[in-house]
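Asker: Questions regarding the structure given below will be posed in turn.
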Amino acid sequence: MEPARLWRLVLIDDDDHTYQYVIEMLAAVFGYGHEKAFALARIVDTEGRVTLMTGEHDACEAKQSQVHAFGADPRIPRCHGSMTAILEEADTPFA
């Protein structure tokens, strides 16, 4: 039997969402506390992307759908939707 592949769910930075939005979205979707959510928001802001989770494809895809369904940031009038999160195949398979 071939080992299952790992996938990464990666949040992509943009200029249409505030730190507060990212913190609220990460708390709602992943249950992350304020400190962890703020740290991830800072990484996506400074590096342009951040890995939110690594796991099996279906689990990452389910969380991706929740990120994409979170909606627009009401603090920014030009914001018309959720942030973008992409799936990338991780390098290491697991058994």
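Labeling convention for the structure tokens: chains A, B, ... as they appear, residues from 1 per chain, ligands from 1 in order of appearance.
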If you count only C-alpha atoms, which residues fall within 7 Å of Asp16 in chain A, apart from same-chain ones fewer than 2 positions away, as a ChimeraX atom specification?
Answerer: /A:14,18,76,78-79
Asker: When you look at range 45-48 of chain A with a cut-off of 10 Å (counting only C-alpha atoms), what residues show up, excluding the ones that are within fewer than 3 positions of it in the same chain? I need them as a list in words.
Answerer: Leu11, Ile12, Asp13, Asp14, Asp15, Thr18, Tyr19, Ala39, Leu40, Ala41 and Arg42 of chain A
Asker: May I have the selected residues written with N, CA and C atoms, as an mmCIF file, in the first residue's frame?
Answerer:
data_model
loop_
_atom_site.group_PDB
_atom_site.id
_atom_site.type_symbol
_atom_site.label_atom_id
_atom_site.label_comp_id
_atom_site.auth_asym_id
_atom_site.auth_seq_id
_atom_site.Cartn_x
_atom_site.Cartn_y
_atom_site.Cartn_z
ATOM 1 N N LEU A 11 -2.289 30.135 3.342
ATOM 2 C CA LEU A 11 -3.023 31.397 3.239
ATOM 3 C C LEU A 11 -2.165 32.393 2.478
ATOM 4 N N ILE A 12 -2.770 33.092 1.512
ATOM 5 C CA ILE A 12 -2.072 34.048 0.665
ATOM 6 C C ILE A 12 -2.427 35.466 1.100
ATOM 7 N N ASP A 13 -1.409 36.319 1.192
ATOM 8 C CA ASP A 13 -1.605 37.705 1.617
ATOM 9 C C ASP A 13 -2.297 38.528 0.535
ATOM 10 N N ASP A 14 -3.015 39.540 0.971
ATOM 11 C CA ASP A 14 -3.573 40.548 0.076
ATOM 12 C C ASP A 14 -3.710 41.846 0.865
ATOM 13 N N ASP A 15 -4.131 42.902 0.196
ATOM 14 C CA ASP A 15 -4.279 44.196 0.862
ATOM 15 C C ASP A 15 -5.730 44.514 1.201
ATOM 16 N N THR A 18 -7.840 43.043 7.024
ATOM 17 C CA THR A 18 -7.101 43.568 8.170
ATOM 18 C C THR A 18 -6.555 42.431 9.033
ATOM 19 N N TYR A 19 -5.620 42.792 9.900
ATOM 20 C CA TYR A 19 -5.120 41.824 10.881
ATOM 21 C C TYR A 19 -6.285 41.272 11.688
ATOM 22 N N ALA A 39 0.251 35.775 15.364
ATOM 23 C CA ALA A 39 1.554 35.368 14.831
ATOM 24 C C ALA A 39 1.426 34.934 13.367
ATOM 25 N N LEU A 40 0.383 34.173 13.049
ATOM 26 C CA LEU A 40 0.170 33.736 11.671
ATOM 27 C C LEU A 40 -0.191 34.914 10.773
ATOM 28 N N ALA A 41 -0.985 35.857 11.289
ATOM 29 C CA ALA A 41 -1.336 37.058 10.523
ATOM 30 C C ALA A 41 -0.081 37.867 10.204
ATOM 31 N N ARG A 42 0.805 37.953 11.153
ATOM 32 C CA ARG A 42 2.062 38.696 10.947
ATOM 33 C C ARG A 42 2.925 38.015 9.882
#
Asker: State, in Å with one decimal place, the distance from CA of Trp7 in chain A to CA of Val29 in chain A.
Answerer: 17.6 Å
Asker: Show me, as a list in words, the residues that have an atom within 6 Å of range 50-55 of chain A when counting only C-alpha atoms, minus same-chain residues fewer than 3 positions from it.
Answerer: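 Those residues are Leu6, Trp7, Arg8, Leu9, Val10, Leu11 and Val44 of chain A.
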Asker: Could you please determine the separation between CA of Arg49 in chain A and CA of His80 in chain A in Å, to one decimal place?
Answerer: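 Between CA of Arg49 in chain A and CA of His80 in chain A the gap is 19.9 Å.
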Asker: What does the distance between CA of Met25 in chain A and CA of Arg75 in chain A come to in Å, to one decimal place?
Answerer: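 Calculated distance between CA of Met25 in chain A and CA of Arg75 in chain A is 13.6 Å.
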Asker: Which of these, A:Ala4, A:Ala90, A:Ala27, A:Met83, has the shortest distance to Gly71 in chain A once you count only C-alpha atoms?
Answerer: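 Smallest distance to Gly71 in chain A is found for A:Met83.
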Asker: Going by DSSP on the backbone, which bits of chain A are alpha helix (DSSP H)? Write them as a ChimeraX atom specification, please.
Answerer: /A:19-30,34-47,57-68
Asker: Can you write just those residues out, N, CA, C and O atoms, as a compact mmCIF listing (two decimals), in the first residue's frame?
Answerer:
# COMPACT_ATOMS: atom_id res chain seq x y z
N TYR A 19 -5.62 42.79 9.90
CA TYR A 19 -5.12 41.82 10.88
C TYR A 19 -6.29 41.27 11.69
O TYR A 19 -6.35 40.08 11.97
N GLN A 20 -7.22 42.15 12.10
CA GLN A 20 -8.34 41.71 12.92
C GLN A 20 -9.18 40.66 12.20
O GLN A 20 -9.61 39.67 12.79
N TYR A 21 -9.38 40.86 10.89
CA TYR A 21 -10.12 39.88 10.09
C TYR A 21 -9.40 38.53 10.12
O TYR A 21 -10.02 37.48 10.34
N VAL A 22 -8.09 38.55 9.87
CA VAL A 22 -7.32 37.30 9.83
C VAL A 22 -7.40 36.61 11.19
O VAL A 22 -7.62 35.40 11.26
N ILE A 23 -7.24 37.35 12.27
CA ILE A 23 -7.30 36.78 13.61
C ILE A 23 -8.67 36.17 13.87
O ILE A 23 -8.78 35.04 14.37
N GLU A 24 -9.74 36.88 13.50
CA GLU A 24 -11.10 36.36 13.70
C GLU A 24 -11.35 35.12 12.85
O GLU A 24 -11.96 34.15 13.31
N MET A 25 -10.89 35.13 11.59
CA MET A 25 -11.09 33.99 10.71
C MET A 25 -10.35 32.76 11.23
O MET A 25 -10.90 31.66 11.27
N LEU A 26 -9.10 32.95 11.67
CA LEU A 26 -8.33 31.81 12.17
C LEU A 26 -8.91 31.25 13.46
O LEU A 26 -8.90 30.04 13.68
N ALA A 27 -9.46 32.12 14.29
CA ALA A 27 -10.13 31.66 15.52
C ALA A 27 -11.39 30.86 15.17
O ALA A 27 -11.63 29.78 15.73
N ALA A 28 -12.18 31.37 14.23
CA ALA A 28 -13.44 30.71 13.87
C ALA A 28 -13.21 29.39 13.14
O ALA A 28 -13.87 28.39 13.42
N VAL A 29 -12.27 29.37 12.21
CA VAL A 29 -12.08 28.19 11.36
C VAL A 29 -11.21 27.13 12.03
O VAL A 29 -11.48 25.94 11.93
N PHE A 30 -10.16 27.57 12.74
CA PHE A 30 -9.20 26.63 13.30
C PHE A 30 -9.22 26.55 14.82
O PHE A 30 -8.56 25.69 15.40
N HIS A 34 -5.74 33.97 20.29
CA HIS A 34 -5.34 35.27 19.76
C HIS A 34 -3.84 35.32 19.44
O HIS A 34 -3.45 35.83 18.38
N GLU A 35 -3.00 34.82 20.33
CA GLU A 35 -1.55 34.91 20.10
C GLU A 35 -1.11 34.13 18.86
O GLU A 35 -0.33 34.64 18.06
N LYS A 36 -1.60 32.91 18.71
CA LYS A 36 -1.23 32.12 17.54
C LYS A 36 -1.78 32.75 16.27
O LYS A 36 -1.09 32.84 15.26
N ALA A 37 -3.04 33.20 16.32
CA ALA A 37 -3.66 33.82 15.15
C ALA A 37 -2.92 35.10 14.76
O ALA A 37 -2.69 35.35 13.57
N PHE A 38 -2.52 35.91 15.74
CA PHE A 38 -1.78 37.12 15.45
C PHE A 38 -0.42 36.79 14.84
O PHE A 38 0.01 37.43 13.87
N ALA A 39 0.25 35.78 15.36
CA ALA A 39 1.55 35.37 14.83
C ALA A 39 1.43 34.93 13.37
O ALA A 39 2.26 35.30 12.53
N LEU A 40 0.38 34.17 13.05
CA LEU A 40 0.17 33.74 11.67
C LEU A 40 -0.19 34.91 10.77
O LEU A 40 0.26 34.99 9.62
N ALA A 41 -0.99 35.86 11.29
CA ALA A 41 -1.34 37.06 10.52
C ALA A 41 -0.08 37.87 10.20
O ALA A 41 0.07 38.39 9.10
N ARG A 42 0.81 37.95 11.15
CA ARG A 42 2.06 38.70 10.95
C ARG A 42 2.92 38.02 9.88
O ARG A 42 3.51 38.68 9.03
N ILE A 43 2.99 36.69 9.92
CA ILE A 43 3.78 35.96 8.92
C ILE A 43 3.20 36.16 7.52
O ILE A 43 3.94 36.46 6.58
N VAL A 44 1.89 36.02 7.37
CA VAL A 44 1.29 36.19 6.04
C VAL A 44 1.50 37.61 5.55
O VAL A 44 1.74 37.85 4.36
N ASP A 45 1.47 38.58 6.45
CA ASP A 45 1.66 39.98 6.07
C ASP A 45 3.10 40.25 5.64
O ASP A 45 3.34 40.95 4.67
N THR A 46 4.06 39.68 6.34
CA THR A 46 5.47 39.99 6.05
C THR A 46 6.06 39.08 4.98
O THR A 46 6.93 39.50 4.22
N GLU A 47 5.60 37.83 4.90
CA GLU A 47 6.19 36.87 3.96
C GLU A 47 5.32 36.60 2.73
O GLU A 47 5.74 35.92 1.81
N HIS A 57 -5.35 15.31 2.32
CA HIS A 57 -5.98 16.20 1.34
C HIS A 57 -7.40 16.61 1.75
O HIS A 57 -7.74 17.80 1.71
N ASP A 58 -8.22 15.65 2.13
CA ASP A 58 -9.62 15.95 2.44
C ASP A 58 -9.74 16.91 3.62
O ASP A 58 -10.60 17.81 3.61
N ALA A 59 -8.92 16.74 4.64
CA ALA A 59 -8.96 17.63 5.81
C ALA A 59 -8.54 19.04 5.43
O ALA A 59 -9.17 20.03 5.84
N CYS A 60 -7.48 19.16 4.64
CA CYS A 60 -7.02 20.49 4.20
C CYS A 60 -8.05 21.15 3.29
O CYS A 60 -8.31 22.35 3.40
N GLU A 61 -8.64 20.35 2.41
CA GLU A 61 -9.65 20.89 1.50
C GLU A 61 -10.89 21.38 2.26
O GLU A 61 -11.47 22.41 1.91
N ALA A 62 -11.28 20.67 3.31
CA ALA A 62 -12.43 21.08 4.11
C ALA A 62 -12.16 22.43 4.79
O ALA A 62 -13.03 23.32 4.81
N LYS A 63 -10.96 22.60 5.34
CA LYS A 63 -10.60 23.87 5.97
C LYS A 63 -10.48 24.98 4.93
O LYS A 63 -10.85 26.13 5.18
N GLN A 64 -9.97 24.64 3.75
CA GLN A 64 -9.88 25.63 2.67
C GLN A 64 -11.28 26.17 2.34
O GLN A 64 -11.46 27.38 2.17
N SER A 65 -12.24 25.29 2.27
CA SER A 65 -13.62 25.71 1.99
C SER A 65 -14.14 26.66 3.07
O SER A 65 -14.83 27.63 2.77
N GLN A 66 -13.79 26.39 4.31
CA GLN A 66 -14.23 27.26 5.41
C GLN A 66 -13.56 28.63 5.33
O GLN A 66 -14.21 29.65 5.58
N VAL A 67 -12.28 28.65 4.98
CA VAL A 67 -11.58 29.93 4.81
C VAL A 67 -12.25 30.73 3.69
O VAL A 67 -12.55 31.92 3.84
N HIS A 68 -12.53 30.07 2.57
CA HIS A 68 -13.13 30.75 1.42
C HIS A 68 -14.57 31.17 1.68
O HIS A 68 -15.07 32.08 1.01
